[in-house]
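**Student:** What follows is a single structure, and I will ask about it in a moment.
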Amino acid sequence: MSIALTLVFGHAPTMWGVLRAGLPVRQALKGASAADTVSVPVMELIDNTVMAGKGRAVVRAYR
């Protein structure tokens with residue numbers, strides 16, 4: 001679920017910039033997919049494995 005949401009919200013800024021540059025929607029989608037489809041799951045994998053539990057420690061420190 002987190003990867004699906006990240007892909008949607010990760011592609012949005014890329015799509016916005018590419019569309020503002022004047023590319024058609026189909027080409028913008030291809031470009032955004034090529035750029036973000038690999039990087040987003042890698043970021044999620046690292047966040048869910050390496051960083052797991054560290055966020056909770058930060059939250060507890062500020063209670």
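Residues in the structure tokens are named by chain (A, B, ... in the order shown) and by number from 1 within that chain; ligands are numbered from 1 in the order shown.
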Mind listing the alpha helix (DSSP H) residues of chain A, per DSSP on the backbone, as number ranges by chain?
**Tutor:** A: 2-20, 25-36, 39-49, 54-61
**Student:** Report as a ChimeraX atom specification all protein, DNA and RNA residues lying within 12 Å of region 24-40 of chain A, evaluated on only C-alpha atoms, omitting residues in the same chain fewer than 5 positions from it.
**Tutor:** /A:2-19,45-47
